[in-house]
$ cat input-v5.pdb   # PDB, C-alpha atoms
ATOM      1  CA  MET A1160     123.559 135.901  60.221  1.00  0.00           C
ATOM      2  CA  GLN A1161     122.653 136.471  56.590  1.00  0.00           C
ATOM      3  CA  VAL A1162     122.249 140.000  55.228  1.00  0.00           C
ATOM      4  CA  THR A1163     120.039 140.656  52.185  1.00  0.00           C
ATOM      5  CA  GLU A1164     120.359 144.030  50.445  1.00  0.00           C
ATOM      6  CA  VAL A1165     116.906 145.170  49.306  1.00  0.00           C
ATOM      7  CA  GLY A1166     116.759 148.928  48.586  1.00  0.00           C
ATOM      8  CA  GLU A1167     113.039 148.989  47.678  1.00  0.00           C
ATOM      9  CA  LYS A1168     110.331 151.542  48.458  1.00  0.00           C
ATOM     10  CA  ILE A1169     107.726 150.192  50.871  1.00  0.00           C
ATOM     11  CA  LYS A1170     104.414 151.198  52.438  1.00  0.00           C
ATOM     12  CA  VAL A1171     104.672 151.787  56.190  1.00  0.00           C
ATOM     13  CA  GLY A1172     102.166 152.366  58.967  1.00  0.00           C
ATOM     14  CA  ALA A1173     103.786 154.757  61.434  1.00  0.00           C
ATOM     15  CA  VAL A1174     102.923 156.889  64.446  1.00  0.00           C
ATOM     16  CA  PHE A1175     104.040 160.530  64.313  1.00  0.00           C
ATOM     17  CA  ASP A1176     104.297 162.117  67.776  1.00  0.00           C
ATOM     18  CA  ALA A1177     105.813 165.607  68.160  1.00  0.00           C
ATOM     19  CA  GLU A1178     109.303 165.191  66.681  1.00  0.00           C
ATOM     20  CA  ARG A1179     109.342 161.379  66.742  1.00  0.00           C
ATOM     21  CA  VAL A1180     108.238 158.893  64.116  1.00  0.00           C
ATOM     22  CA  THR A1181     107.797 155.208  64.967  1.00  0.00           C
ATOM     23  CA  PRO A1182     107.112 152.568  62.297  1.00  0.00           C
ATOM     24  CA  LYS A1183     104.568 149.931  63.417  1.00  0.00           C
ATOM     25  CA  TRP A1184     104.192 147.719  60.322  1.00  0.00           C
ATOM     26  CA  PHE A1185     105.178 147.645  56.660  1.00  0.00           C
ATOM     27  CA  PHE A1186     104.290 145.860  53.462  1.00  0.00           C
ATOM     28  CA  TRP A1187     107.063 144.330  51.396  1.00  0.00           C
ATOM     29  CA  GLY A1188     105.472 142.927  48.300  1.00  0.00           C
ATOM     30  CA  ARG A1189     102.168 141.461  49.465  1.00  0.00           C
ATOM     31  CA  THR A1190     103.444 140.498  52.906  1.00  0.00           C
ATOM     32  CA  LYS A1191     102.675 142.605  55.957  1.00  0.00           C
ATOM     33  CA  HIS A1192     105.387 142.642  58.620  1.00  0.00           C
ATOM     34  CA  GLU A1193     104.383 143.688  62.152  1.00  0.00           C
ATOM     35  CA  ILE A1194     107.174 145.487  63.986  1.00  0.00           C
ATOM     36  CA  THR A1195     107.476 144.284  67.571  1.00  0.00           C
ATOM     37  CA  SER A1196     110.302 146.624  68.592  1.00  0.00           C
ATOM     38  CA  ILE A1197     112.746 149.235  67.367  1.00  0.00           C
ATOM     39  CA  GLU A1198     116.277 148.198  68.299  1.00  0.00           C
ATOM     40  CA  HIS A1199     118.135 151.316  67.174  1.00  0.00           C
ATOM     41  CA  THR A1200     117.622 154.606  65.321  1.00  0.00           C
ATOM     42  CA  TRP A1201     120.083 157.001  63.739  1.00  0.00           C
ATOM     43  CA  ARG A1202     120.063 159.984  61.406  1.00  0.00           C
ATOM     44  CA  SER A1203     121.996 160.861  58.263  1.00  0.00           C
ATOM     45  CA  ARG A1204     121.709 163.156  55.261  1.00  0.00           C
ATOM     46  CA  ALA A1205     121.494 162.657  51.511  1.00  0.00           C
ATOM     47  CA  GLY A1206     122.111 166.091  50.056  1.00  0.00           C
ATOM     48  CA  GLU A1207     119.395 168.363  51.415  1.00  0.00           C
ATOM     49  CA  ALA A1208     117.255 165.478  52.696  1.00  0.00           C
ATOM     50  CA  ALA A1209     117.393 164.415  56.324  1.00  0.00           C
ATOM     51  CA  LEU A1210     117.037 160.647  56.757  1.00  0.00           C
ATOM     52  CA  ILE A1211     115.980 158.613  59.770  1.00  0.00           C
ATOM     53  CA  HIS A1212     117.122 154.995  59.890  1.00  0.00           C
ATOM     54  CA  PHE A1213     115.483 152.284  61.977  1.00  0.00           C
ATOM     55  CA  SER A1214     116.678 148.854  62.994  1.00  0.00           C
ATOM     56  CA  ALA A1215     113.344 147.095  63.581  1.00  0.00           C
ATOM     57  CA  THR A1216     112.397 143.516  64.370  1.00  0.00           C
ATOM     58  CA  ASP A1217     109.322 141.373  63.931  1.00  0.00           C
ATOM     59  CA  GLY A1218     110.624 138.958  66.555  1.00  0.00           C
ATOM     60  CA  ALA A1219     112.354 136.731  64.004  1.00  0.00           C
ATOM     61  CA  ASN A1220     114.161 139.017  61.537  1.00  0.00           C
ATOM     62  CA  VAL A1221     115.774 142.444  61.716  1.00  0.00           C
ATOM     63  CA  PHE A1222     114.879 145.030  59.077  1.00  0.00           C
ATOM     64  CA  GLU A1223     116.739 148.224  58.292  1.00  0.00           C
ATOM     65  CA  LEU A1224     114.199 150.880  57.275  1.00  0.00           C
ATOM     66  CA  ARG A1225     114.912 154.422  56.048  1.00  0.00           C
ATOM     67  CA  PHE A1226     112.516 157.380  56.159  1.00  0.00           C
ATOM     68  CA  ASN A1227     113.246 160.444  54.000  1.00  0.00           C
ATOM     69  CA  LEU A1228     111.916 163.523  55.822  1.00  0.00           C
ATOM     70  CA  LYS A1229     111.932 165.624  52.632  1.00  0.00           C
ATOM     71  CA  THR A1230     109.968 163.225  50.389  1.00  0.00           C
ATOM     72  CA  ALA A1231     108.171 161.192  53.122  1.00  0.00           C
ATOM     73  CA  GLU A1232     109.281 157.981  51.355  1.00  0.00           C
ATOM     74  CA  TRP A1233     110.172 154.760  53.143  1.00  0.00           C
ATOM     75  CA  VAL A1234     112.776 152.284  51.903  1.00  0.00           C
ATOM     76  CA  LEU A1235     113.550 148.776  53.099  1.00  0.00           C
ATOM     77  CA  GLU A1236     117.339 148.820  52.970  1.00  0.00           C
ATOM     78  CA  LYS A1237     118.349 145.417  54.370  1.00  0.00           C
ATOM     79  CA  ILE A1238     117.039 142.282  56.025  1.00  0.00           C
ATOM     80  CA  TYR A1239     119.077 140.347  58.585  1.00  0.00           C
ATOM     81  CA  THR A1240     118.059 136.700  59.029  1.00  0.00           C
ATOM     82  CA  ALA A1241     119.458 133.904  61.195  1.00  0.00           C
TER      83      ALA A1241
END

$ encode --input "input-v5.pdb" --output "structure tokens"
Amino acid sequence: MQVTEVGEKIKVGAVFDAERVTPKWFFWGRTKHEITSIEHTWRSRAGEAALIHFSATDGANVFELRFNLKTAEWVLEKIYTA
């Protein structure tokens, strides 16, 4: 499996329900990626900001997404490809 470090801000379509956020799609560059499932989520902190991390797949690749609860910014951290 190949890992590509990205670290870029992205636009994400997400569903916010009570205390849960679920990304459904995102744009990286001009390409829209539909998320078919969330494999794993975890939380961390960066100073005062709480972060939620998602391991999401489009059925072919796995994407590591990060959501900053303080700034409401999304970042595509990594892409895992076969």

$ atom_distance --input "input-v5.pdb" --atom1 "atom CA of A:Ser1214" --atom2 "atom CA of A:Leu1235"
10.4 Å

$ closest_residue --input "input-v5.pdb" --among "A:Asp1217, A:Trp1187, A:Thr1181, A:Ile1211" --to "A:Glu1167" --atoms "only C-alpha atoms"
A:Trp1187

$ resolve_selection --input "input-v5.pdb" --expression "the PyMOL selection byres ((chain A and resi 1222-1227) around 6)" --output "PyMOL selection string"
chain A and resi 1210-1215+1221+1228-1238

$ atom_distance --input "input-v5.pdb" --atom1 "atom CA of A:Glu1178" --atom2 "atom CA of A:Tyr1239"
27.9 Å

$ atom_distance --input "input-v5.pdb" --atom1 "atom CA of A:Ser1203" --atom2 "atom CA of A:Arg1189"
29.1 Å

$ closest_residue --input "input-v5.pdb" --among "A:Thr1216, A:Thr1200, A:Gln1161, A:Thr1195" --to "A:Thr1240" --atoms "all atoms listed in the file"
A:Gln1161

$ closest_residue --input "input-v5.pdb" --among "A:Val1165, A:Ala1209, A:Ala1219, A:Val1174" --to "A:Gly1188" --atoms "only C-alpha atoms"
A:Val1165

$ closest_residue --input "input-v5.pdb" --among "A:Met1160, A:Ala1177, A:Lys1170, A:Asn1220" --to "A:Glu1198" --atoms "all atoms listed in the file"
A:Asn1220

$ closest_residue --input "input-v5.pdb" --among "A:Gly1206, A:Val1171, A:Thr1163, A:Ala1241" --to "A:His1192" --atoms "all atoms listed in the file"
A:Val1171

$ closest_residue --input "input-v5.pdb" --among "A:Trp1201, A:Ile1194, A:Glu1207, A:Phe1186" --to "A:Ile1169" --atoms "all atoms listed in the file"
A:Phe1186
